[in-house]
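**Student:** File query15.cif follows (mmCIF, C-alpha atoms and all ligand atoms):
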data_my_file
#
loop_
_atom_site.label_atom_id
_atom_site.label_comp_id
_atom_site.auth_asym_id
_atom_site.auth_seq_id
_atom_site.Cartn_x
_atom_site.Cartn_y
_atom_site.Cartn_z
CA MET A 278 -26.59 51.08 15.25
CA ILE A 279 -28.18 47.87 14.03
CA SER A 280 -27.89 46.94 10.38
CA SER A 281 -30.49 44.62 8.92
CA ARG A 282 -28.47 44.04 5.75
CA SER A 283 -27.40 40.44 5.26
CA ASP A 284 -24.26 40.09 3.17
CA GLY A 285 -22.93 36.80 4.43
CA PRO A 286 -22.60 33.76 2.17
CA PHE A 287 -26.04 32.47 3.11
CA ARG A 288 -28.14 34.95 1.19
CA LEU A 289 -31.82 34.18 1.11
CA SER A 290 -33.59 33.69 -2.19
CA LYS A 291 -37.04 35.06 -2.80
CA SER A 292 -38.57 31.81 -1.66
CA GLY A 293 -36.81 32.23 1.62
CA SER A 294 -34.44 29.27 1.37
CA ALA A 295 -30.68 29.54 1.46
CA THR A 296 -29.41 28.75 -2.03
CA TYR A 297 -25.74 29.66 -2.02
CA PRO A 298 -24.25 26.49 -0.48
CA LEU A 299 -26.08 24.29 -2.99
CA ARG A 300 -24.50 26.08 -5.90
CA SER A 301 -21.09 24.59 -5.08
CA LEU A 302 -22.47 21.07 -4.73
CA PRO A 303 -22.05 19.95 -8.36
CA PHE A 304 -18.46 21.16 -8.29
CA LEU A 305 -17.72 19.30 -5.06
CA LEU A 306 -19.23 16.12 -6.45
CA ALA A 307 -17.22 16.42 -9.65
CA ALA A 308 -14.03 17.03 -7.70
CA ALA A 309 -14.68 13.96 -5.57
CA VAL A 310 -15.38 11.74 -8.58
CA PHE A 311 -12.36 12.92 -10.57
CA SER A 312 -9.95 12.43 -7.70
CA LEU A 313 -10.85 8.75 -7.28
CA PRO A 314 -8.86 7.32 -10.24
CA ALA A 315 -5.78 9.25 -9.10
CA LEU A 316 -6.01 7.68 -5.66
CA ALA A 317 -6.45 4.22 -7.09
CA ASP A 318 -3.40 4.69 -9.31
CA GLU A 319 -1.21 5.64 -6.37
CA ALA A 320 -2.15 2.68 -4.21
CA ALA A 321 0.76 0.27 -4.25
CA PRO A 322 0.80 -3.25 -2.85
CA ALA A 323 2.06 -4.06 0.65
CA GLY A 324 0.38 -1.18 2.43
CA GLY A 325 1.07 1.45 -0.21
CA GLY A 326 4.43 2.96 -1.11
CA GLN A 327 3.26 6.48 -0.41
CA GLN A 328 2.10 5.55 3.07
CA VAL A 329 5.36 3.79 3.87
CA TYR A 330 7.34 6.71 2.50
CA GLU A 331 5.48 9.33 4.47
CA LYS A 332 5.67 7.39 7.70
CA ASN A 333 9.25 6.09 7.49
CA CYS A 334 11.31 7.83 4.84
CA ALA A 335 10.09 11.41 4.53
CA LYS A 336 11.79 12.49 7.76
CA CYS A 337 15.10 12.14 5.94
CA HIS A 338 14.19 12.19 2.26
CA SER A 339 11.73 15.07 2.12
CA SER A 340 13.03 18.54 1.38
CA ALA A 341 11.04 19.90 4.30
CA MET A 342 13.12 21.36 7.13
CA GLY A 343 13.35 18.14 9.10
CA GLY A 344 15.05 16.26 6.29
CA PHE A 345 17.25 19.06 5.06
CA PHE A 346 20.45 18.25 6.94
CA THR A 347 20.55 14.45 6.74
CA GLY A 348 22.40 14.32 3.42
CA ALA A 349 19.77 11.97 2.07
CA PRO A 350 18.82 12.32 -1.59
CA LYS A 351 15.65 14.41 -1.67
CA PHE A 352 12.29 13.25 -2.98
CA GLY A 353 11.43 14.58 -6.42
CA THR A 354 14.96 15.75 -7.30
CA GLU A 355 17.21 14.72 -10.20
CA VAL A 356 19.78 13.02 -7.98
CA TRP A 357 17.75 9.81 -8.11
CA ARG A 358 18.65 9.23 -11.75
CA ALA A 359 22.34 9.01 -10.77
CA ARG A 360 21.46 6.78 -7.81
CA LEU A 361 19.54 4.45 -10.08
CA ASP A 362 22.34 4.37 -12.66
CA ALA A 363 25.01 3.73 -10.01
CA ALA A 364 23.01 0.92 -8.42
CA GLY A 365 22.13 -0.60 -11.77
CA SER A 366 18.48 -1.29 -11.04
CA ALA A 367 15.57 -0.36 -8.82
CA ASP A 368 15.94 -3.75 -7.15
CA ALA A 369 19.51 -2.92 -6.17
CA LEU A 370 18.27 0.30 -4.57
CA VAL A 371 15.66 -1.70 -2.68
CA LYS A 372 18.39 -4.02 -1.38
CA SER A 373 20.70 -1.22 -0.21
CA THR A 374 17.76 0.55 1.42
CA ALA A 375 16.60 -2.59 3.17
CA ALA A 376 20.12 -3.35 4.41
CA GLY A 377 21.07 0.28 5.10
CA LYS A 378 23.69 2.44 3.44
CA GLY A 379 26.01 5.13 4.81
CA LYS A 380 24.03 7.20 7.25
CA MET A 381 20.79 5.43 6.36
CA PRO A 382 20.03 2.72 8.91
CA PRO A 383 18.56 -0.58 7.67
CA GLN A 384 14.97 0.10 6.62
CA ALA A 385 13.70 -3.48 6.64
CA GLY A 386 13.49 -5.42 9.86
CA ALA A 387 12.63 -5.11 13.51
CA ALA A 388 13.82 -1.52 13.97
CA THR A 389 11.34 -0.15 11.44
CA GLY A 390 8.79 -2.96 11.33
CA LEU A 391 8.94 -2.86 7.54
CA SER A 392 9.16 -5.87 5.26
CA GLU A 393 11.29 -5.83 2.13
CA ALA A 394 8.05 -5.52 0.14
CA ASP A 395 7.22 -2.35 2.10
CA VAL A 396 10.67 -0.94 1.34
CA LYS A 397 10.27 -1.89 -2.32
CA ALA A 398 6.93 -0.09 -2.52
CA ALA A 399 8.43 3.02 -0.93
CA VAL A 400 11.47 3.01 -3.24
CA GLU A 401 9.17 2.61 -6.25
CA TYR A 402 7.08 5.50 -4.98
CA ILE A 403 10.18 7.71 -4.68
CA LEU A 404 11.43 6.72 -8.13
CA LYS A 405 8.03 7.21 -9.74
CA TYR A 406 8.03 10.88 -8.74
CA SER A 407 11.76 11.51 -9.07
CA VAL A 408 13.09 9.71 -12.16
CA HIS A 409 11.33 10.61 -15.40
C1 LIG B 1 17.70 8.41 9.02
C2 LIG B 1 17.50 9.00 7.73
C3 LIG B 1 16.94 8.12 6.61
C4 LIG B 1 15.77 7.38 6.62
C5 LIG B 1 14.76 7.22 7.73
C6 LIG B 1 15.68 6.79 5.30
N1 LIG B 1 16.76 7.14 4.54
FE1 LIG B 1 17.14 6.55 2.65
N2 LIG B 1 18.94 7.47 2.70
C7 LIG B 1 19.41 8.25 3.74
C8 LIG B 1 20.77 8.70 3.44
C9 LIG B 1 21.63 9.58 4.32
C10 LIG B 1 21.09 8.15 2.17
C11 LIG B 1 22.41 8.28 1.41
C12 LIG B 1 23.25 7.07 1.80
C13 LIG B 1 24.62 7.09 1.13
O1 LIG B 1 24.67 6.95 -0.10
O2 LIG B 1 25.61 7.21 1.85
C14 LIG B 1 19.91 7.40 1.74
C15 LIG B 1 19.83 6.71 0.54
C16 LIG B 1 18.69 6.08 0.06
C17 LIG B 1 18.58 5.44 -1.23
C18 LIG B 1 19.70 5.28 -2.25
C19 LIG B 1 20.44 4.02 -1.91
C20 LIG B 1 21.60 3.76 -2.84
O3 LIG B 1 22.02 2.59 -2.94
O4 LIG B 1 22.12 4.70 -3.47
C21 LIG B 1 17.30 4.97 -1.33
C22 LIG B 1 16.69 4.24 -2.51
C23 LIG B 1 16.63 5.29 -0.10
N3 LIG B 1 17.50 5.97 0.72
C24 LIG B 1 15.32 4.98 0.19
C25 LIG B 1 14.75 5.10 1.44
C26 LIG B 1 13.45 4.60 1.79
C27 LIG B 1 12.50 3.91 0.81
C28 LIG B 1 13.25 4.87 3.10
C29 LIG B 1 12.05 4.52 3.96
C30 LIG B 1 11.63 3.14 3.97
C31 LIG B 1 14.44 5.56 3.58
N4 LIG B 1 15.31 5.67 2.55
C32 LIG B 1 14.61 6.00 4.88
C33 LIG B 1 18.74 8.54 4.91
C34 LIG B 1 17.55 7.96 5.30
#
Would you mind writing the file's structure down as structure tokens?
Ligand code: HEC

**Tutor:**
Amino acid sequence: MISSRSDGPFRLSKSGSATYPLRSLPFLLAAAVFSLPALADEAAPAGGGQQVYEKNCAKCHSSAMGGFFTGAPKFGTEVWRARLDAAGSADALVKSTAAGKGKMPPQAGAATGLSEADVKAAVEYILKYSVH
């Protein structure tokens, strides 16, 4: 049996043009415009802390499965407050991260290709979302 009923998203208006997709256009535009300031705010110097973190640090510091067993302090958790207090300053954390600590290999240098500024941006990114 062949049904002539059209109940897909592209319903035709009386004029014969498809109107449904256009209805979501203002919303999409608004969403695009409002997300711009957030992106600008997150962009850190030296390549962007978020980018460095996701590429180099998340494999150990994210709470996703891959990073679960490394013993690394996890992104977004309260443990970073104690880390910060123990180190004394964010700069001290940058130094221990760049040089390596415990099971964390040195993060600045030839092995990672990261500069100390990259490491700093990534540490600041972690702290921004973990220590409130
Ligand atoms: C191979 C896994 C691994 C990678 C990759 C890694 N870390 Fe770590 N990180 C650890 C572990 C494990 C510790 C805990 C070290 C300890 O205290 O013994 C740690 C600790 C830290 C600390 C706390 C240091 C301190 O003095 O208490 C900071 C900050 C940190 N990592 C930042 C980063 C940043 C930023 C990156 C990416 C540039 C990164 N880590 C990449 C495993 C990793």

**Student:** How would you write, as a ChimeraX atom specification, the set of residues no farther than 8 Å from ligand LIG 1 (chain B) when counting all atoms listed in the file?

**Tutor:** /A:329-330,332-338,344,347-350,357,360-361,363-364,367,369-375,377-382,384-385,391,395-401,403

**Student:** Between atom CA of Glu331 of chain A and atom CA of Tyr402 of chain A, what is the spacing in Å?

**Tutor:**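 Answer for the atom CA of Tyr402 of chain A to atom CA of Glu331 of chain A separation: 10.3 Å.
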
**Student:** Quick one, how far is atom CA of Gly353 of chain A from atom CA of Gln327 of chain A?

**Tutor:**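 Those two atoms sit 13.0 Å apart.
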
**Student:** What gap, in Å, lies between atom CA of Ala388 of chain A and atom CA of Leu404 of chain A?

**Tutor:**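 Atom CA of Leu404 of chain A lies at a distance of 23.7 Å from atom CA of Ala388 of chain A.
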
**Student:** Which residue, A:Ser339, A:Phe346, A:Asp368, A:His409, has the smallest gap to Ala394 of chain A when you use only C-alpha atoms?

**Tutor:** A:Asp368

**Student:** Taking all atoms listed in the file into account, name the residue in A:Phe345, A:Lys405, A:Ala376, A:Ser366 that is nearest to Ser392 of chain A.

**Tutor:**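 Using all atoms listed in the file, Ser392 of chain A sits closest to A:Ala376.
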
**Student:** Counting only C-alpha atoms, which residue out of A:Ser340, A:Thr389, A:Gln328, A:Ser407 sits closest to Ala359 of chain A?

**Tutor:**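 Smallest separation from Ala359 of chain A among the options: A:Ser407.
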